[in-house]
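Worksheet: the structure to be examined is printed underneath.
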Amino acid sequence: MQIKRTVPIFLLLFCTSHLFAETNTESILKLIHIVEKKPVDQSSQRVYDQIIQYAIESKSVQIVVSPKLLPWFTRDTDYKLILFGSFIAGNIKPQLISGIKGDDSYSGILNLIKTYEEIRKFNESFYMIEIDRLIELEKDGRLRDYTKTATQ
């Protein structure tokens, strides 16, 4: 009698955990969409926190945080969480869409650059030479190769 109850409960838990995983992926993609539209908003820091937490806990995505690629990360700087969150969001978005787990630092850096440029629109005094170098690499068509070597 106990076995009969265990099987339906197991099936229920298995099915709901699978549905939760799909819903969770969809909700994270929605959060990413929110910060893509408004990367520097009053609520963006909270949204980036959720995206980062998902990336840390999820087994569906892989991220390489390279000191060579993000040398400013160890410093205390304005907009650090927003810039890091935008890197994470850009990195995991293609993985979530494709369902293929694998670091995509190039997409992460492109998203970080977009966010950096948005910050500079309202705070021209904010300047990070490391990100400006990444922008130059992208203009020269060398950023993709640079991100590959920086994350190895």
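Ordering of the structure tokens sets the chain letters (A, B, ...); residue numbers start at 1 within each chain; ligands are numbered from 1 in the order shown.
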Give me, as a PDB file with C-alpha atoms, in the first residue's frame, all polymer residues having an atom no more than 10 Å from Thr151 (chain A), counting only C-alpha atoms and skipping those fewer than 6 positions away in the same chain.
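Saved the output as out.pdb:
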ATOM      1  CA  ILE A  63      30.123  31.103 -16.895  1.00  0.00           C
ATOM      2  CA  VAL A  64      33.837  31.808 -16.794  1.00  0.00           C
ATOM      3  CA  VAL A  65      34.726  34.922 -14.821  1.00  0.00           C
ATOM      4  CA  SER A  66      38.225  35.742 -15.945  1.00  0.00           C
ATOM      5  CA  PRO A  67      40.363  38.385 -14.210  1.00  0.00           C
ATOM      6  CA  LYS A  68      41.893  39.091 -17.611  1.00  0.00           C
ATOM      7  CA  LEU A  69      38.468  39.830 -19.090  1.00  0.00           C
ATOM      8  CA  ASP A 103      30.365  29.915 -21.491  1.00  0.00           C
ATOM      9  CA  ASP A 104      29.576  32.766 -23.890  1.00  0.00           C
ATOM     10  CA  SER A 105      31.811  35.522 -22.571  1.00  0.00           C
ATOM     11  CA  TYR A 106      31.714  37.294 -25.918  1.00  0.00           C
TER      12      TYR A 106
END
Enumerate the residues of chain A with a DSSP assignment of helix (DSSP H, G or I), computed from the backbone, and present them as a PyMOL selection string. chain A and resi 2-37+44-57+71-74+80-98+105-122+129-139+143-150
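In this structure, CA of Phe84 (chain A) sits 11.2 Å away from CA of Pro71 (chain A).
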Distance of CA of Ala55 (chain A) from CA of Ile129 (chain A), expressed in Å to one decimal place: 26.8 Å
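The protein and nucleic acid residues lying at most 12 Å from Gln53 (chain A) are A:Ile28, A:Arg46, A:Val47, A:Lys59, A:Val61, A:Gly85, A:Ile88, A:Ala89, with only C-alpha atoms considered and sequence neighbours fewer than 6 positions away removed.
The coordinates place CA of Lys38 (chain A) at 8.8 Å from CA of Glu118 (chain A).
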Return the single residue from A:Ile32, A:Thr25, A:Leu134, A:Tyr146 that is closest to Asn91 (chain A), with distances computed using only C-alpha atoms. A:Ile32
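Minimum distance to Ile113 (chain A) across A:Tyr127, A:Tyr48, A:Tyr79, A:Phe87 (counting only C-alpha atoms) occurs at A:Phe87.
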